[in-house]
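Just input_8.pdb here, PDB, C-alpha atoms, pLDDT in the B column:
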```pdb
ATOM      1  CA  MET A   1      24.163 103.697 -32.641  1.00 35.00           C
ATOM      2  CA  TYR A   2      23.900 102.977 -36.362  1.00 39.00           C
ATOM      3  CA  ARG A   3      23.067 105.735 -38.789  1.00 40.00           C
ATOM      4  CA  ASN A   4      19.329 106.620 -38.790  1.00 40.00           C
ATOM      5  CA  GLN A   5      18.624 103.864 -36.288  1.00 42.00           C
ATOM      6  CA  ALA A   6      16.805 106.237 -33.961  1.00 49.00           C
ATOM      7  CA  GLY A   7      14.686 107.623 -36.807  1.00 50.00           C
ATOM      8  CA  ARG A   8      13.562 104.200 -37.974  1.00 54.00           C
ATOM      9  CA  SER A   9      12.840 103.160 -34.432  1.00 74.00           C
ATOM     10  CA  TRP A  10      10.587 106.133 -33.788  1.00 81.00           C
ATOM     11  CA  ILE A  11       8.760 105.691 -37.081  1.00 86.00           C
ATOM     12  CA  SER A  12       8.065 101.993 -36.519  1.00 90.00           C
ATOM     13  CA  LYS A  13       6.906 102.650 -32.951  1.00 90.00           C
ATOM     14  CA  ALA A  14       4.643 105.450 -34.146  1.00 91.00           C
ATOM     15  CA  VAL A  15       3.141 103.237 -36.869  1.00 93.00           C
ATOM     16  CA  VAL A  16       2.435 100.436 -34.376  1.00 95.00           C
ATOM     17  CA  PHE A  17       1.015 102.922 -31.860  1.00 94.00           C
ATOM     18  CA  SER A  18      -1.293 104.552 -34.435  1.00 95.00           C
ATOM     19  CA  LEU A  19      -2.544 101.256 -35.837  1.00 96.00           C
ATOM     20  CA  SER A  20      -3.171  99.672 -32.441  1.00 97.00           C
ATOM     21  CA  SER A  21      -4.913 102.794 -31.143  1.00 96.00           C
ATOM     22  CA  SER A  22      -7.189 102.846 -34.210  1.00 96.00           C
ATOM     23  CA  LEU A  23      -7.886  99.127 -33.913  1.00 97.00           C
ATOM     24  CA  ALA A  24      -8.724  99.429 -30.211  1.00 97.00           C
ATOM     25  CA  GLY A  25     -11.177 102.250 -30.899  1.00 97.00           C
ATOM     26  CA  ILE A  26     -12.898 100.476 -33.785  1.00 97.00           C
ATOM     27  CA  ALA A  27     -13.165  97.154 -31.928  1.00 97.00           C
ATOM     28  CA  THR A  28     -14.437  98.735 -28.710  1.00 97.00           C
ATOM     29  CA  GLY A  29     -17.008 100.786 -30.603  1.00 97.00           C
ATOM     30  CA  ALA A  30     -18.202  97.780 -32.581  1.00 97.00           C
ATOM     31  CA  LEU A  31     -18.636  95.778 -29.373  1.00 97.00           C
ATOM     32  CA  LEU A  32     -20.512  98.615 -27.683  1.00 97.00           C
ATOM     33  CA  GLY A  33     -22.742  99.062 -30.722  1.00 96.00           C
ATOM     34  CA  ALA A  34     -23.509  95.338 -30.750  1.00 97.00           C
ATOM     35  CA  ALA A  35     -24.267  95.387 -27.015  1.00 97.00           C
ATOM     36  CA  GLY A  36     -26.541  98.399 -27.448  1.00 96.00           C
ATOM     37  CA  SER A  37     -28.521  96.640 -30.155  1.00 96.00           C
ATOM     38  CA  LEU A  38     -29.658  94.138 -27.522  1.00 96.00           C
ATOM     39  CA  LEU A  39     -31.672  96.884 -25.808  1.00 95.00           C
ATOM     40  CA  SER A  40     -34.971  98.230 -27.073  1.00 94.00           C
ATOM     41  CA  ILE A  41     -35.026 101.513 -28.977  1.00 91.00           C
ATOM     42  CA  GLN A  42     -37.397 102.989 -26.359  1.00 92.00           C
ATOM     43  CA  PHE A  43     -34.926 102.281 -23.562  1.00 94.00           C
ATOM     44  CA  ARG A  44     -32.050 103.756 -25.549  1.00 93.00           C
ATOM     45  CA  VAL A  45     -34.018 106.914 -26.413  1.00 90.00           C
ATOM     46  CA  ALA A  46     -35.094 107.382 -22.780  1.00 92.00           C
ATOM     47  CA  SER A  47     -31.500 106.891 -21.592  1.00 94.00           C
ATOM     48  CA  ALA A  48     -30.211 109.327 -24.209  1.00 93.00           C
ATOM     49  CA  SER A  49     -32.697 112.001 -23.130  1.00 90.00           C
ATOM     50  CA  LEU A  50     -31.708 111.697 -19.465  1.00 93.00           C
ATOM     51  CA  LEU A  51     -27.987 111.664 -20.248  1.00 95.00           C
ATOM     52  CA  ALA A  52     -28.388 114.676 -22.541  1.00 92.00           C
ATOM     53  CA  VAL A  53     -29.716 116.702 -19.614  1.00 93.00           C
ATOM     54  CA  VAL A  54     -26.770 115.514 -17.498  1.00 95.00           C
ATOM     55  CA  ALA A  55     -24.401 116.512 -20.324  1.00 94.00           C
ATOM     56  CA  ILE A  56     -25.880 120.018 -20.507  1.00 91.00           C
ATOM     57  CA  ALA A  57     -25.573 120.426 -16.726  1.00 93.00           C
ATOM     58  CA  LEU A  58     -21.973 119.163 -16.609  1.00 93.00           C
ATOM     59  CA  GLY A  59     -20.998 121.260 -19.607  1.00 89.00           C
ATOM     60  CA  ALA A  60     -22.522 124.358 -18.023  1.00 88.00           C
ATOM     61  CA  PHE A  61     -20.712 123.707 -14.719  1.00 89.00           C
ATOM     62  CA  GLU A  62     -17.366 123.305 -16.472  1.00 87.00           C
ATOM     63  CA  PHE A  63     -18.014 126.291 -18.693  1.00 79.00           C
ATOM     64  CA  SER A  64     -18.658 128.491 -15.696  1.00 82.00           C
ATOM     65  CA  GLY A  65     -15.375 127.486 -14.073  1.00 81.00           C
ATOM     66  CA  TYR A  66     -16.502 124.749 -11.663  1.00 86.00           C
ATOM     67  CA  HIS A  67     -14.405 121.694 -12.405  1.00 87.00           C
ATOM     68  CA  VAL A  68     -16.341 118.492 -11.770  1.00 87.00           C
ATOM     69  CA  ARG A  69     -13.811 115.674 -11.633  1.00 88.00           C
ATOM     70  CA  PRO A  70     -14.770 112.853 -14.010  1.00 90.00           C
ATOM     71  CA  LEU A  71     -15.077 109.249 -12.912  1.00 89.00           C
ATOM     72  CA  GLU A  72     -11.811 107.743 -14.053  1.00 88.00           C
ATOM     73  CA  CYS A  73      -8.797 105.577 -13.286  1.00 85.00           C
ATOM     74  CA  ASN A  74      -6.528 108.556 -12.619  1.00 83.00           C
ATOM     75  CA  ARG A  75      -3.284 106.987 -13.810  1.00 84.00           C
ATOM     76  CA  GLU A  76      -0.956 106.754 -16.767  1.00 85.00           C
ATOM     77  CA  THR A  77      -0.311 103.556 -18.663  1.00 86.00           C
ATOM     78  CA  PRO A  78       1.979 101.250 -16.603  1.00 86.00           C
ATOM     79  CA  GLN A  79       5.667 102.215 -16.642  1.00 85.00           C
ATOM     80  CA  ARG A  80       6.702  98.533 -16.706  1.00 88.00           C
ATOM     81  CA  TRP A  81       5.509  98.318 -20.328  1.00 87.00           C
ATOM     82  CA  VAL A  82       8.624 100.271 -21.284  1.00 83.00           C
ATOM     83  CA  HIS A  83      10.688  97.164 -20.459  1.00 86.00           C
ATOM     84  CA  MET A  84       8.717  94.902 -22.784  1.00 86.00           C
ATOM     85  CA  GLY A  85      10.486  96.100 -25.928  1.00 86.00           C
ATOM     86  CA  PRO A  86       9.762  99.159 -28.064  1.00 87.00           C
ATOM     87  CA  LEU A  87       7.188  97.640 -30.394  1.00 89.00           C
ATOM     88  CA  ARG A  88       5.270  95.797 -27.696  1.00 91.00           C
ATOM     89  CA  TRP A  89       5.318  98.991 -25.591  1.00 91.00           C
ATOM     90  CA  ALA A  90       3.903 100.936 -28.544  1.00 92.00           C
ATOM     91  CA  LEU A  91       1.316  98.220 -29.181  1.00 94.00           C
ATOM     92  CA  GLN A  92       0.094  98.094 -25.579  1.00 94.00           C
ATOM     93  CA  ASN A  93       0.101 101.866 -25.214  1.00 93.00           C
ATOM     94  CA  GLY A  94      -1.867 102.191 -28.445  1.00 94.00           C
ATOM     95  CA  LEU A  95      -4.429  99.622 -27.387  1.00 95.00           C
ATOM     96  CA  ALA A  96      -4.832 101.248 -23.960  1.00 94.00           C
ATOM     97  CA  LEU A  97      -5.075 104.826 -25.210  1.00 94.00           C
ATOM     98  CA  GLY A  98      -7.265 103.948 -28.216  1.00 95.00           C
ATOM     99  CA  CYS A  99      -9.770 102.485 -25.776  1.00 94.00           C
ATOM    100  CA  GLY A 100      -9.088 105.194 -23.200  1.00 92.00           C
ATOM    101  CA  ALA A 101     -11.072 103.745 -20.313  1.00 92.00           C
ATOM    102  CA  THR A 102      -8.185 102.269 -18.339  1.00 90.00           C
ATOM    103  CA  SER A 103      -6.096 105.417 -18.015  1.00 90.00           C
ATOM    104  CA  ARG A 104      -6.618 109.088 -17.168  1.00 91.00           C
ATOM    105  CA  ILE A 105      -9.723 110.453 -18.924  1.00 93.00           C
ATOM    106  CA  GLY A 106      -9.668 114.047 -17.747  1.00 91.00           C
ATOM    107  CA  PHE A 107     -12.773 115.307 -19.555  1.00 94.00           C
ATOM    108  CA  TRP A 108     -16.453 114.445 -19.163  1.00 95.00           C
ATOM    109  CA  LEU A 109     -16.720 114.733 -22.925  1.00 94.00           C
ATOM    110  CA  TRP A 110     -14.953 111.362 -23.196  1.00 96.00           C
ATOM    111  CA  TYR A 111     -18.075 109.636 -21.866  1.00 96.00           C
ATOM    112  CA  ALA A 112     -20.016 110.767 -24.946  1.00 96.00           C
ATOM    113  CA  ILE A 113     -17.956 108.306 -27.000  1.00 96.00           C
ATOM    114  CA  PRO A 114     -18.728 104.951 -25.307  1.00 97.00           C
ATOM    115  CA  ILE A 115     -22.250 106.031 -24.387  1.00 97.00           C
ATOM    116  CA  GLY A 116     -22.910 107.316 -27.906  1.00 95.00           C
ATOM    117  CA  ALA A 117     -21.520 104.133 -29.488  1.00 96.00           C
ATOM    118  CA  PHE A 118     -23.628 102.031 -27.121  1.00 96.00           C
ATOM    119  CA  LEU A 119     -26.896 103.937 -27.496  1.00 94.00           C
ATOM    120  CA  THR A 120     -26.800 104.042 -31.287  1.00 92.00           C
ATOM    121  CA  GLY A 121     -27.169 100.258 -31.131  1.00 93.00           C
ATOM    122  CA  ALA A 122     -25.407  99.638 -34.452  1.00 93.00           C
ATOM    123  CA  VAL A 123     -22.051  97.937 -34.883  1.00 95.00           C
ATOM    124  CA  GLU A 124     -20.877 100.109 -37.795  1.00 94.00           C
ATOM    125  CA  ILE A 125     -21.924 103.400 -36.214  1.00 94.00           C
ATOM    126  CA  GLY A 126     -20.400 102.443 -32.874  1.00 95.00           C
ATOM    127  CA  ALA A 127     -17.184 101.503 -34.656  1.00 96.00           C
ATOM    128  CA  ALA A 128     -17.196 104.810 -36.562  1.00 95.00           C
ATOM    129  CA  ILE A 129     -17.687 106.902 -33.403  1.00 95.00           C
ATOM    130  CA  TYR A 130     -15.185 105.132 -31.166  1.00 96.00           C
ATOM    131  CA  GLY A 131     -12.897 104.486 -34.131  1.00 96.00           C
ATOM    132  CA  THR A 132     -12.685 108.228 -34.776  1.00 94.00           C
ATOM    133  CA  TYR A 133     -11.452 108.646 -31.214  1.00 95.00           C
ATOM    134  CA  GLY A 134      -8.881 105.868 -31.594  1.00 96.00           C
ATOM    135  CA  VAL A 135      -7.658 107.126 -34.961  1.00 94.00           C
ATOM    136  CA  VAL A 136      -7.314 110.753 -33.854  1.00 93.00           C
ATOM    137  CA  ARG A 137      -5.597 109.771 -30.611  1.00 93.00           C
ATOM    138  CA  GLY A 138      -3.269 107.447 -32.493  1.00 93.00           C
ATOM    139  CA  MET A 139      -2.433 110.077 -35.111  1.00 90.00           C
ATOM    140  CA  ALA A 140      -1.485 112.685 -32.496  1.00 84.00           C
ATOM    141  CA  VAL A 141       1.920 111.059 -32.233  1.00 84.00           C
ATOM    142  CA  TRP A 142       2.670 112.085 -35.840  1.00 85.00           C
ATOM    143  CA  VAL A 143       1.836 115.702 -35.111  1.00 80.00           C
ATOM    144  CA  ILE A 144       4.192 115.582 -32.136  1.00 77.00           C
ATOM    145  CA  ILE A 145       6.959 113.931 -34.186  1.00 77.00           C
ATOM    146  CA  LEU A 146       6.518 116.494 -36.980  1.00 76.00           C
ATOM    147  CA  GLY A 147       6.531 119.294 -34.435  1.00 71.00           C
ATOM    148  CA  LEU A 148       9.733 118.012 -32.854  1.00 70.00           C
ATOM    149  CA  SER A 149      11.421 117.483 -36.210  1.00 70.00           C
ATOM    150  CA  ARG A 150      10.578 121.045 -37.240  1.00 66.00           C
ATOM    151  CA  HIS A 151      11.556 122.522 -33.866  1.00 62.00           C
ATOM    152  CA  VAL A 152       8.079 123.890 -33.205  1.00 61.00           C
ATOM    153  CA  THR A 153       8.938 124.237 -29.557  1.00 60.00           C
ATOM    154  CA  ASP A 154      11.653 123.082 -27.178  1.00 62.00           C
ATOM    155  CA  ASP A 155       9.267 121.048 -25.060  1.00 72.00           C
ATOM    156  CA  ILE A 156       6.034 120.115 -26.786  1.00 73.00           C
ATOM    157  CA  SER A 157       4.630 118.334 -23.728  1.00 75.00           C
ATOM    158  CA  LEU A 158       4.948 121.517 -21.644  1.00 79.00           C
ATOM    159  CA  TRP A 159       3.304 123.492 -24.426  1.00 78.00           C
ATOM    160  CA  LEU A 160       0.399 121.011 -24.531  1.00 79.00           C
ATOM    161  CA  ILE A 161      -0.062 121.124 -20.746  1.00 82.00           C
ATOM    162  CA  GLY A 162      -0.132 124.907 -21.064  1.00 82.00           C
ATOM    163  CA  CYS A 163      -3.175 124.565 -23.329  1.00 81.00           C
ATOM    164  CA  ALA A 164      -5.124 122.642 -20.672  1.00 86.00           C
ATOM    165  CA  GLU A 165      -7.473 125.481 -19.757  1.00 85.00           C
ATOM    166  CA  ALA A 166      -8.393 126.168 -23.380  1.00 84.00           C
ATOM    167  CA  ALA A 167      -8.941 122.435 -23.881  1.00 87.00           C
ATOM    168  CA  ARG A 168     -11.262 122.340 -20.864  1.00 89.00           C
ATOM    169  CA  THR A 169     -13.333 125.197 -22.253  1.00 86.00           C
ATOM    170  CA  LEU A 170     -13.491 123.547 -25.675  1.00 86.00           C
ATOM    171  CA  ALA A 171     -14.568 120.196 -24.214  1.00 90.00           C
ATOM    172  CA  ALA A 172     -17.198 121.814 -21.995  1.00 90.00           C
ATOM    173  CA  GLY A 173     -18.646 123.709 -24.956  1.00 87.00           C
ATOM    174  CA  GLN A 174     -18.722 120.574 -27.066  1.00 88.00           C
ATOM    175  CA  LEU A 175     -20.451 118.599 -24.304  1.00 91.00           C
ATOM    176  CA  THR A 176     -23.112 121.283 -23.915  1.00 89.00           C
ATOM    177  CA  ILE A 177     -23.743 121.442 -27.664  1.00 87.00           C
ATOM    178  CA  LEU A 178     -24.074 117.659 -27.841  1.00 89.00           C
ATOM    179  CA  GLY A 179     -26.555 117.619 -24.950  1.00 89.00           C
ATOM    180  CA  ILE A 180     -28.676 120.358 -26.530  1.00 86.00           C
ATOM    181  CA  ALA A 181     -28.619 118.620 -29.925  1.00 84.00           C
ATOM    182  CA  VAL A 182     -29.779 115.317 -28.438  1.00 87.00           C
ATOM    183  CA  VAL A 183     -32.586 117.039 -26.512  1.00 86.00           C
ATOM    184  CA  ILE A 184     -33.704 118.773 -29.716  1.00 80.00           C
ATOM    185  CA  MET A 185     -33.514 115.553 -31.732  1.00 78.00           C
ATOM    186  CA  ILE A 186     -35.558 113.586 -29.216  1.00 76.00           C
ATOM    187  CA  GLY A 187     -38.072 116.415 -29.074  1.00 66.00           C
ATOM    188  CA  LEU A 188     -38.564 116.380 -32.856  1.00 56.00           C
TER     189      LEU A 188
ATOM    190  CA  MET B   1      -1.474 131.008 -29.123  1.00 41.00           C
ATOM    191  CA  PRO B   2       1.725 130.671 -31.175  1.00 44.00           C
ATOM    192  CA  MET B   3       2.948 128.775 -34.211  1.00 46.00           C
ATOM    193  CA  LYS B   4       0.514 129.036 -37.022  1.00 50.00           C
ATOM    194  CA  GLN B   5       2.946 128.327 -39.771  1.00 50.00           C
ATOM    195  CA  ILE B   6       6.164 126.397 -39.572  1.00 44.00           C
ATOM    196  CA  ARG B   7       8.617 127.215 -42.357  1.00 45.00           C
ATOM    197  CA  GLY B   8       5.694 127.577 -44.731  1.00 48.00           C
ATOM    198  CA  LEU B   9       5.192 123.827 -44.871  1.00 45.00           C
ATOM    199  CA  TRP B  10       2.333 122.995 -42.566  1.00 49.00           C
ATOM    200  CA  TRP B  11      -0.151 124.701 -40.357  1.00 51.00           C
ATOM    201  CA  ILE B  12      -1.452 124.169 -36.838  1.00 55.00           C
ATOM    202  CA  PRO B  13      -4.875 125.521 -35.837  1.00 54.00           C
ATOM    203  CA  ALA B  14      -3.903 128.378 -33.582  1.00 54.00           C
ATOM    204  CA  THR B  15      -7.121 129.193 -31.767  1.00 61.00           C
ATOM    205  CA  ASN B  16      -9.943 127.205 -30.220  1.00 61.00           C
ATOM    206  CA  LEU B  17     -12.266 128.614 -32.843  1.00 61.00           C
ATOM    207  CA  GLU B  18     -10.086 127.310 -35.660  1.00 63.00           C
ATOM    208  CA  ILE B  19      -9.825 123.877 -34.064  1.00 67.00           C
ATOM    209  CA  PHE B  20     -13.592 123.834 -33.579  1.00 67.00           C
ATOM    210  CA  ALA B  21     -14.349 125.030 -37.109  1.00 68.00           C
ATOM    211  CA  GLY B  22     -12.002 122.461 -38.621  1.00 69.00           C
ATOM    212  CA  ALA B  23     -13.462 119.653 -36.556  1.00 71.00           C
ATOM    213  CA  VAL B  24     -17.024 120.683 -37.448  1.00 71.00           C
ATOM    214  CA  THR B  25     -16.160 120.663 -41.134  1.00 69.00           C
ATOM    215  CA  VAL B  26     -14.471 117.267 -41.057  1.00 72.00           C
ATOM    216  CA  GLY B  27     -17.169 115.814 -38.816  1.00 71.00           C
ATOM    217  CA  SER B  28     -19.961 117.152 -41.022  1.00 68.00           C
ATOM    218  CA  LEU B  29     -18.438 115.717 -44.167  1.00 68.00           C
ATOM    219  CA  LEU B  30     -17.914 112.351 -42.492  1.00 70.00           C
ATOM    220  CA  GLY B  31     -21.440 112.362 -41.092  1.00 67.00           C
ATOM    221  CA  ILE B  32     -23.081 113.244 -44.378  1.00 66.00           C
ATOM    222  CA  ALA B  33     -20.936 110.716 -46.238  1.00 69.00           C
ATOM    223  CA  VAL B  34     -21.973 107.927 -43.899  1.00 68.00           C
ATOM    224  CA  ARG B  35     -25.551 108.780 -42.995  1.00 62.00           C
ATOM    225  CA  GLY B  36     -27.034 111.247 -45.494  1.00 64.00           C
ATOM    226  CA  SER B  37     -28.457 114.510 -44.187  1.00 63.00           C
ATOM    227  CA  ASP B  38     -31.401 113.679 -41.886  1.00 72.00           C
ATOM    228  CA  VAL B  39     -31.739 114.787 -38.247  1.00 68.00           C
ATOM    229  CA  MET B  40     -29.922 111.707 -36.968  1.00 76.00           C
ATOM    230  CA  THR B  41     -26.996 112.646 -39.183  1.00 77.00           C
ATOM    231  CA  TRP B  42     -26.315 115.711 -37.125  1.00 78.00           C
ATOM    232  CA  VAL B  43     -26.242 113.825 -33.845  1.00 83.00           C
ATOM    233  CA  PHE B  44     -23.983 111.235 -35.443  1.00 85.00           C
ATOM    234  CA  THR B  45     -21.817 114.057 -36.766  1.00 84.00           C
ATOM    235  CA  LEU B  46     -21.661 115.632 -33.328  1.00 86.00           C
ATOM    236  CA  LEU B  47     -20.660 112.304 -31.803  1.00 90.00           C
ATOM    237  CA  LEU B  48     -17.862 111.959 -34.364  1.00 90.00           C
ATOM    238  CA  LEU B  49     -16.860 115.491 -33.539  1.00 88.00           C
ATOM    239  CA  CYS B  50     -16.898 114.728 -29.813  1.00 91.00           C
ATOM    240  CA  ALA B  51     -14.658 111.727 -30.439  1.00 92.00           C
ATOM    241  CA  GLY B  52     -12.152 113.808 -32.394  1.00 91.00           C
ATOM    242  CA  VAL B  53     -12.221 116.728 -29.974  1.00 90.00           C
ATOM    243  CA  THR B  54     -11.815 114.427 -26.962  1.00 92.00           C
ATOM    244  CA  ALA B  55      -8.784 112.743 -28.498  1.00 92.00           C
ATOM    245  CA  ILE B  56      -7.258 116.176 -29.169  1.00 89.00           C
ATOM    246  CA  VAL B  57      -7.968 117.763 -25.788  1.00 90.00           C
ATOM    247  CA  GLN B  58      -6.685 114.672 -23.982  1.00 91.00           C
ATOM    248  CA  GLN B  59      -3.243 115.478 -25.372  1.00 88.00           C
ATOM    249  CA  THR B  60      -3.134 118.287 -22.812  1.00 87.00           C
ATOM    250  CA  LEU B  61      -3.395 115.850 -19.902  1.00 86.00           C
ATOM    251  CA  PRO B  62      -0.194 115.624 -17.849  1.00 77.00           C
TER     252      PRO B  62
END
```
For this file, produce the structure as structure tokens.
Amino acid sequence: MYRNQAGRSWISKAVVFSLSSSLAGIATGALLGAAGSLLSIQFRVASASLLAVVAIALGAFEFSGYHVRPLECNRETPQRWVHMGPLRWALQNGLALGCGATSRIGFWLWYAIPIGAFLTGAVEIGAAIYGTYGVVRGMAVWVIILGLSRHVTDDISLWLIGCAEAARTLAAGQLTILGIAVVIMIGL
Amino acid sequence: MPMKQIRGLWWIPATNLEIFAGAVTVGSLLGIAVRGSDVMTWVFTLLLLCAGVTAIVQQTLP
């Protein structure tokens, strides 16, 4: 192996992953926003009010310790992508995870993103909402790389899995707050 | 939860409350920057926040 080859390889893969994840989020959100604009505002408001009640109920269930399994494709991104070359692997992983729908979702809170982008009915707002998801998910790789380079922990993936229960509580709380806020907004 | 400061160079939010507070701050600033400060702003802000929080909590998936 040449000097610094591994470092450059990881950096270029991380850049491609982050950019493709961000792009996937922005594009998906823009499409959802455009699709939502085809529906009437009355229909979108009525849908939002019903879904807000569902969000409050799901959030409360999760918060009280009852895990309601989300509707999802419960799988990782395909292993065969590893054999397509490092940059193409990073690109495809980024696109898949920036969209999020085709792999493990894990949290009901995820549904707030596509539904929110869709119901706002505006391309730029949809892109901003879903794009935020894609950007943050794409940037996580840099936190992990920084953590590894600074020896934060021996196995960062194990540490993250160990935070799963706290993450579930956080997501449930966020879902409940969102549901309450939407109910209040529609009531105003 | 461990690891708040690593060699004095950077900082990781160490509790759920800190993660939440940081996300609320960033989300609020983004929301106000994009939409102004009407009622819809806060729902938009919360949706941005949801997006960020979801992307973070999904890192704990196996």
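Using all atoms listed in the file, the nearest neighbour of chain B within the list A:Arg88, A:Arg44, A:Arg75, A:His83 is A:Arg75.
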Matched chain/residue IDs from the ChimeraX specification (/B :<8) & /A, as number ranges by chain = A: 104-107, 109-110, 112-113, 116, 128-130, 132-134, 136-137, 140, 150, 152, 157, 160-164, 166-168, 170-171, 174-175, 178, 181-182, 185
Output of the above residues as a PDB file, keeping the file's coordinate frame, restricted to C-alpha atoms:
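File written: part.pdb
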```pdb
ATOM      1  CA  ARG A 104      -6.618 109.088 -17.168  1.00 91.00           C
ATOM      2  CA  ILE A 105      -9.723 110.453 -18.924  1.00 93.00           C
ATOM      3  CA  GLY A 106      -9.668 114.047 -17.747  1.00 91.00           C
ATOM      4  CA  PHE A 107     -12.773 115.307 -19.555  1.00 94.00           C
ATOM      5  CA  LEU A 109     -16.720 114.733 -22.925  1.00 94.00           C
ATOM      6  CA  TRP A 110     -14.953 111.362 -23.196  1.00 96.00           C
ATOM      7  CA  ALA A 112     -20.016 110.767 -24.946  1.00 96.00           C
ATOM      8  CA  ILE A 113     -17.956 108.306 -27.000  1.00 96.00           C
ATOM      9  CA  GLY A 116     -22.910 107.316 -27.906  1.00 95.00           C
ATOM     10  CA  ALA A 128     -17.196 104.810 -36.562  1.00 95.00           C
ATOM     11  CA  ILE A 129     -17.687 106.902 -33.403  1.00 95.00           C
ATOM     12  CA  TYR A 130     -15.185 105.132 -31.166  1.00 96.00           C
ATOM     13  CA  THR A 132     -12.685 108.228 -34.776  1.00 94.00           C
ATOM     14  CA  TYR A 133     -11.452 108.646 -31.214  1.00 95.00           C
ATOM     15  CA  GLY A 134      -8.881 105.868 -31.594  1.00 96.00           C
ATOM     16  CA  VAL A 136      -7.314 110.753 -33.854  1.00 93.00           C
ATOM     17  CA  ARG A 137      -5.597 109.771 -30.611  1.00 93.00           C
ATOM     18  CA  ALA A 140      -1.485 112.685 -32.496  1.00 84.00           C
ATOM     19  CA  ARG A 150      10.578 121.045 -37.240  1.00 66.00           C
ATOM     20  CA  VAL A 152       8.079 123.890 -33.205  1.00 61.00           C
ATOM     21  CA  SER A 157       4.630 118.334 -23.728  1.00 75.00           C
ATOM     22  CA  LEU A 160       0.399 121.011 -24.531  1.00 79.00           C
ATOM     23  CA  ILE A 161      -0.062 121.124 -20.746  1.00 82.00           C
ATOM     24  CA  GLY A 162      -0.132 124.907 -21.064  1.00 82.00           C
ATOM     25  CA  CYS A 163      -3.175 124.565 -23.329  1.00 81.00           C
ATOM     26  CA  ALA A 164      -5.124 122.642 -20.672  1.00 86.00           C
ATOM     27  CA  ALA A 166      -8.393 126.168 -23.380  1.00 84.00           C
ATOM     28  CA  ALA A 167      -8.941 122.435 -23.881  1.00 87.00           C
ATOM     29  CA  ARG A 168     -11.262 122.340 -20.864  1.00 89.00           C
ATOM     30  CA  LEU A 170     -13.491 123.547 -25.675  1.00 86.00           C
ATOM     31  CA  ALA A 171     -14.568 120.196 -24.214  1.00 90.00           C
ATOM     32  CA  GLN A 174     -18.722 120.574 -27.066  1.00 88.00           C
ATOM     33  CA  LEU A 175     -20.451 118.599 -24.304  1.00 91.00           C
ATOM     34  CA  LEU A 178     -24.074 117.659 -27.841  1.00 89.00           C
ATOM     35  CA  ALA A 181     -28.619 118.620 -29.925  1.00 84.00           C
ATOM     36  CA  VAL A 182     -29.779 115.317 -28.438  1.00 87.00           C
ATOM     37  CA  MET A 185     -33.514 115.553 -31.732  1.00 78.00           C
TER      38      MET A 185
END
```
Centre, edges in Å (one decimal): axis-aligned box, region 8-23 of chain A, 5 Å padding on all six sides, as lines of an AutoDock Vina configuration file:
```
center_x = 2.8
center_y = 102.6
center_z = -34.6
size_x = 31.4
size_y = 17.0
size_z = 16.8
```
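Of note, CA of Gly131 (chain A) and CA of Ala117 (chain A) are spaced 9.8 Å apart.
Across the model, the gap from CA of Glu76 (chain A) to CA of Phe61 (chain A) is 26.1 Å.
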Separation of CA of Met139 (chain A) from CA of Val26 (chain B), in Å and rounded to one decimal = 15.2 Å
Nearest to Glu72 (chain A), chosen from A:Leu31, A:Ala101, A:Leu58, A:Leu119, with only C-alpha atoms counted in the distances = A:Ala101
Find the spatial neighbours of region 8-21 of chain A, counting only C-alpha atoms, within a cut-off of 6 Å - ignore same-chain residues fewer than 2 positions away - and output them as a ChimeraX atom specification.
-> /A:5-6,23-24,87,90-91,94-95,98,134,138-139
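For the structure in this document, the set picked by the PyMOL selection byres ((chain A and resi 126) around 7) is Gly29, Ala30, Leu32, Gly33, Ala117, Phe118, Thr120, Ala122, Val123, Glu124, Ile125, Ala127, Ala128, Ile129 and Tyr130 of chain A.
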Please evaluate the PyMOL selection byres ((chain A and resi 63-69) around 7) against the structure above and give the resulting residues as a PDB file with C-alpha atoms, in the frame of the given file.
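Written file, out.pdb:
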```
ATOM      1  CA  GLY A  59     -20.998 121.260 -19.607  1.00 89.00           C
ATOM      2  CA  ALA A  60     -22.522 124.358 -18.023  1.00 88.00           C
ATOM      3  CA  PHE A  61     -20.712 123.707 -14.719  1.00 89.00           C
ATOM      4  CA  GLU A  62     -17.366 123.305 -16.472  1.00 87.00           C
ATOM      5  CA  PRO A  70     -14.770 112.853 -14.010  1.00 90.00           C
ATOM      6  CA  LEU A  71     -15.077 109.249 -12.912  1.00 89.00           C
ATOM      7  CA  THR A 169     -13.333 125.197 -22.253  1.00 86.00           C
ATOM      8  CA  ALA A 172     -17.198 121.814 -21.995  1.00 90.00           C
ATOM      9  CA  GLY A 173     -18.646 123.709 -24.956  1.00 87.00           C
TER      10      GLY A 173
END
```
